[in-house]
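The block underneath contains the structure these notes are about, expressed in structure tokens.
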Amino acid sequence: MRPGPDAGTIVHSLEARYHSAKTLKAVFLERYSEGRNSVRAESGTAYFSRPGRMRWEYESPESKLFLSDGRTVWFYVPSDHTVTRAPVKESTDWRTPLALLTGKADIRKLCSKVEIFTNPSGAKSTDVTLSCTPRGLDKGSANQNSAGQPLTPGSSGDVRQILLVVDPATSWLSSVLIRQTGGVELEYRFGNWEENLPLQEALFHFAAPKGVAIVDATAISASGR
């Protein structure tokens with residue numbers, strides 16, 4: 001019986017796949033759960049563009065938009081008539097580090113250690129799962145963002161393990177599972193990856209519609225301390 005691929009080989013293939021792409025498009029399913037209870041499931045289409053820009057268009061069950069232009073992160077919920085913005089470096093949202101897919105695609109910036117993990121339930125038998133130890137977790141700094149500010153509950157500061165599920169035949173990312181304290185899990189499943197599409201520049205720039213209030217997330221965080 002031939003041995004399976006090692007973690008280093010899978011990481012290298014994954015990085016090479018995304019490093020070569022100038023633009024990307026994929027459908028996604030976002031699932032949030034607490035313990036055995038599935039609390040929320042949403043789906044839509046995500047677009048990525050080098051360097052580090054992305055657009056998540058939520059289509060079901062509600063229309064929403066999460067966008068990063070490389071400097072600022074915007075989250076817009078039309079039904080609330082409000083958009084929240086924050087500098088990328090201060091964002092605690094877990095979609096933000098996924099911008100590495102169209103950045104330098106360096107998994108080691110996200111993980112201090114990567115190893116092969118037994119496939120979790122829901123993963124295809126042909127997929128390979130990588131267990132990522134979040135960088136900074138072993139230094140006691142997991143509860144701060146890159147600016148050293150406290151993170152909100154349920155954000156990247158509470159993470160204990162990240163599972164990256166990869167299709168070894170194509171090196172496409174099948175899913176990202178973030179396991180947090182208190183049995184909280186956040187999963188992003190991806191499908192129908194397409195690369196190097198001619199995406200319009202306007203896709204990655206946000207202009208607030210008339211009558212929509214803009215709220216600074218950093219100001220909210222500061223007032224809540």
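Within each chain, counting starts at residue 1; across the structure tokens, chains are named A, B, ... in the order shown, with ligands numbered 1 upward in that order.
Taking only C-alpha atoms, the non-local environment of range 13-23 of chain A within 6 Å (same-chain residues fewer than 2 positions away omitted) comprises Ile10, Val11, Phe48, Ser49, Arg50, Leu101, Ala105, Ser171, Glu195, Asn196 and Leu197 of chain A.
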Discussion item. Using DSSP secondary structure from the backbone, list all strand (DSSP E or B) positions within range 53-215 of chain A, as number ranges by chain.
Written reply: A: 53-60, 64-68, 72-77, 82-87, 111-117, 128-134, 144, 150, 159-166, 173-180, 184-195, 213-215
Practice item. Just the helix (DSSP H, G or I) stuff from range 4-222 of chain A, please, per backbone DSSP, written as a ChimeraX atom specification. Key: /A:7-19,78-80,88-90,96-102,107-109,137-139,156-158,181-183,201-204,217-222
Write the residues of the selection above to a file with N, CA and C atoms, as a tab-separated table (two decimals), in the first residue's frame.
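To be explicit, this is the file written out as result_27.tsv:
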chain	number	residue	atom	x	y	z
A	7	ALA	N	2.00	16.38	4.70
A	7	ALA	CA	1.42	17.71	4.86
A	7	ALA	C	2.18	18.76	4.04
A	8	GLY	N	3.51	18.66	4.03
A	8	GLY	CA	4.31	19.64	3.30
A	8	GLY	C	4.00	19.64	1.81
A	9	THR	N	3.80	18.46	1.24
A	9	THR	CA	3.48	18.34	-0.19
A	9	THR	C	2.13	18.96	-0.51
A	10	ILE	N	1.14	18.68	0.34
A	10	ILE	CA	-0.20	19.23	0.13
A	10	ILE	C	-0.20	20.75	0.27
A	11	VAL	N	0.50	21.26	1.27
A	11	VAL	CA	0.59	22.72	1.46
A	11	VAL	C	1.24	23.38	0.25
A	12	HIS	N	2.32	22.77	-0.24
A	12	HIS	CA	3.01	23.33	-1.41
A	12	HIS	C	2.10	23.36	-2.63
A	13	SER	N	1.35	22.29	-2.85
A	13	SER	CA	0.45	22.22	-4.00
A	13	SER	C	-0.69	23.23	-3.87
A	14	LEU	N	-1.21	23.36	-2.65
A	14	LEU	CA	-2.29	24.32	-2.40
A	14	LEU	C	-1.81	25.75	-2.64
A	15	GLU	N	-0.64	26.08	-2.14
A	15	GLU	CA	-0.10	27.43	-2.32
A	15	GLU	C	0.19	27.71	-3.79
A	16	ALA	N	0.72	26.72	-4.50
A	16	ALA	CA	1.03	26.90	-5.92
A	16	ALA	C	-0.24	27.13	-6.73
A	17	ARG	N	-1.30	26.42	-6.39
A	17	ARG	CA	-2.57	26.56	-7.10
A	17	ARG	C	-3.11	27.98	-6.99
A	18	TYR	N	-3.11	28.53	-5.79
A	18	TYR	CA	-3.69	29.86	-5.59
A	18	TYR	C	-2.72	30.99	-5.92
A	19	HIS	N	-1.43	30.72	-5.79
A	19	HIS	CA	-0.44	31.76	-6.10
A	19	HIS	C	-0.45	32.10	-7.58
A	78	PRO	N	-28.40	45.05	3.31
A	78	PRO	CA	-29.40	45.98	2.77
A	78	PRO	C	-30.64	46.15	3.64
A	79	SER	N	-31.09	45.07	4.25
A	79	SER	CA	-32.32	45.16	5.06
A	79	SER	C	-32.13	46.01	6.31
A	80	ASP	N	-30.86	46.17	6.75
A	80	ASP	CA	-30.57	47.00	7.93
A	80	ASP	C	-30.25	48.44	7.56
A	88	VAL	N	-8.42	46.58	7.27
A	88	VAL	CA	-8.13	45.15	7.12
A	88	VAL	C	-7.29	44.64	8.28
A	89	LYS	N	-6.28	45.40	8.70
A	89	LYS	CA	-5.37	44.95	9.75
A	89	LYS	C	-6.05	44.82	11.11
A	90	GLU	N	-7.20	45.46	11.27
A	90	GLU	CA	-7.90	45.41	12.55
A	90	GLU	C	-9.16	44.54	12.48
A	96	THR	N	-11.58	37.51	6.46
A	96	THR	CA	-10.43	38.36	6.13
A	96	THR	C	-9.15	37.57	5.83
A	97	PRO	N	-8.72	36.62	6.68
A	97	PRO	CA	-7.49	35.89	6.34
A	97	PRO	C	-7.61	35.02	5.10
A	98	LEU	N	-8.85	34.74	4.65
A	98	LEU	CA	-9.01	33.96	3.43
A	98	LEU	C	-8.58	34.75	2.20
A	99	ALA	N	-8.32	36.06	2.37
A	99	ALA	CA	-7.80	36.86	1.27
A	99	ALA	C	-6.41	36.38	0.85
A	100	LEU	N	-5.77	35.55	1.69
A	100	LEU	CA	-4.45	35.02	1.32
A	100	LEU	C	-4.54	34.16	0.06
A	101	LEU	N	-5.76	33.76	-0.31
A	101	LEU	CA	-5.93	32.96	-1.52
A	101	LEU	C	-5.46	33.72	-2.76
A	102	THR	N	-5.56	35.04	-2.71
A	102	THR	CA	-5.07	35.82	-3.84
A	102	THR	C	-4.01	36.82	-3.38
A	107	ILE	N	0.50	29.74	3.60
A	107	ILE	CA	-0.24	29.12	4.69
A	107	ILE	C	0.46	29.35	6.03
A	108	ARG	N	1.77	29.49	6.01
A	108	ARG	CA	2.53	29.64	7.25
A	108	ARG	C	2.28	30.98	7.93
A	109	LYS	N	1.69	31.91	7.20
A	109	LYS	CA	1.31	33.17	7.84
A	109	LYS	C	0.09	32.99	8.73
A	137	LEU	N	-1.29	31.15	18.86
A	137	LEU	CA	-2.07	30.45	19.88
A	137	LEU	C	-1.17	29.93	21.00
A	138	ASP	N	0.01	29.45	20.62
A	138	ASP	CA	0.92	28.90	21.61
A	138	ASP	C	1.67	29.98	22.38
A	139	LYS	N	1.46	31.25	22.01
A	139	LYS	CA	2.13	32.35	22.68
A	139	LYS	C	1.19	33.14	23.58
A	156	SER	N	-11.87	35.48	15.35
A	156	SER	CA	-10.68	34.64	15.17
A	156	SER	C	-9.88	34.49	16.46
A	157	GLY	N	-10.11	35.33	17.45
A	157	GLY	CA	-9.37	35.23	18.70
A	157	GLY	C	-9.74	34.02	19.52
A	158	ASP	N	-10.91	33.43	19.30
A	158	ASP	CA	-11.36	32.29	20.07
A	158	ASP	C	-11.01	30.96	19.40
A	181	THR	N	-13.69	28.03	20.85
A	181	THR	CA	-14.03	27.61	22.21
A	181	THR	C	-15.53	27.48	22.37
A	182	GLY	N	-15.95	26.67	23.35
A	182	GLY	CA	-17.37	26.51	23.63
A	182	GLY	C	-18.13	25.69	22.61
A	183	GLY	N	-17.42	24.88	21.80
A	183	GLY	CA	-18.08	24.05	20.80
A	183	GLY	C	-18.58	24.81	19.58
A	201	GLU	N	-12.95	45.81	-12.12
A	201	GLU	CA	-12.34	46.45	-10.96
A	201	GLU	C	-13.40	46.93	-9.96
A	202	ALA	N	-14.55	47.36	-10.47
A	202	ALA	CA	-15.61	47.89	-9.61
A	202	ALA	C	-16.16	46.86	-8.63
A	203	LEU	N	-15.97	45.58	-8.92
A	203	LEU	CA	-16.44	44.54	-8.02
A	203	LEU	C	-15.81	44.65	-6.63
A	204	PHE	N	-14.61	45.20	-6.57
A	204	PHE	CA	-13.85	45.21	-5.32
A	204	PHE	C	-13.75	46.60	-4.70
A	217	ALA	N	-16.38	49.99	12.73
A	217	ALA	CA	-16.32	48.85	13.67
A	217	ALA	C	-15.33	49.12	14.79
A	218	THR	N	-14.24	49.84	14.49
A	218	THR	CA	-13.23	50.12	15.51
A	218	THR	C	-13.80	51.02	16.61
A	219	ALA	N	-14.70	51.93	16.22
A	219	ALA	CA	-15.30	52.83	17.19
A	219	ALA	C	-16.23	52.06	18.12
A	220	ILE	N	-16.96	51.08	17.54
A	220	ILE	CA	-17.85	50.25	18.34
A	220	ILE	C	-17.05	49.44	19.34
A	221	SER	N	-15.92	48.87	18.86
A	221	SER	CA	-15.06	48.07	19.72
A	221	SER	C	-14.50	48.89	20.87
A	222	ALA	N	-14.08	50.12	20.57
A	222	ALA	CA	-13.50	50.99	21.59
A	222	ALA	C	-14.53	51.37	22.64
query = Can you list, as a ChimeraX atom specification, every protein, DNA or RNA residue that comes within 8 Å of Leu130 in chain A when you count only C-alpha atoms, leaving out same-chain residues fewer than 3 positions away?
reply = /A:7,114-117,163-166
Only N, CA and C atoms, please: the residues just picked out, written as a compact mmCIF listing (two decimals), in the first residue's frame.
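Ended up saving to again-v3.txt:
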# COMPACT_ATOMS: atom_id res chain seq x y z
N ALA A 7 2.00 16.38 4.70
CA ALA A 7 1.42 17.71 4.86
C ALA A 7 2.18 18.76 4.04
N VAL A 114 1.35 22.69 10.66
CA VAL A 114 0.36 22.05 9.79
C VAL A 114 0.67 20.56 9.73
N GLU A 115 -0.35 19.73 9.92
CA GLU A 115 -0.17 18.28 9.85
C GLU A 115 -1.42 17.63 9.26
N ILE A 116 -1.25 16.41 8.76
CA ILE A 116 -2.38 15.66 8.21
C ILE A 116 -3.33 15.29 9.33
N PHE A 117 -4.63 15.46 9.06
CA PHE A 117 -5.67 15.18 10.05
C PHE A 117 -6.65 14.18 9.46
N LEU A 163 -9.19 23.53 10.16
CA LEU A 163 -9.04 22.39 9.27
C LEU A 163 -9.21 22.86 7.83
N LEU A 164 -8.20 22.61 7.03
CA LEU A 164 -8.22 22.96 5.61
C LEU A 164 -8.40 21.67 4.82
N VAL A 165 -9.53 21.54 4.12
CA VAL A 165 -9.81 20.33 3.35
C VAL A 165 -9.48 20.60 1.89
N VAL A 166 -8.60 19.78 1.34
CA VAL A 166 -8.06 20.00 0.00
C VAL A 166 -8.33 18.80 -0.90
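CA of Leu199 in chain A to CA of Ala213 in chain A spans 27.8 Å [interatomic distance, one decimal].
Between CA of Phe66 in chain A and CA of Ser43 in chain A there is a distance of 12.4 Å.
Here CA of Ala26 in chain A and CA of Gln180 in chain A stand 25.1 Å from one another.
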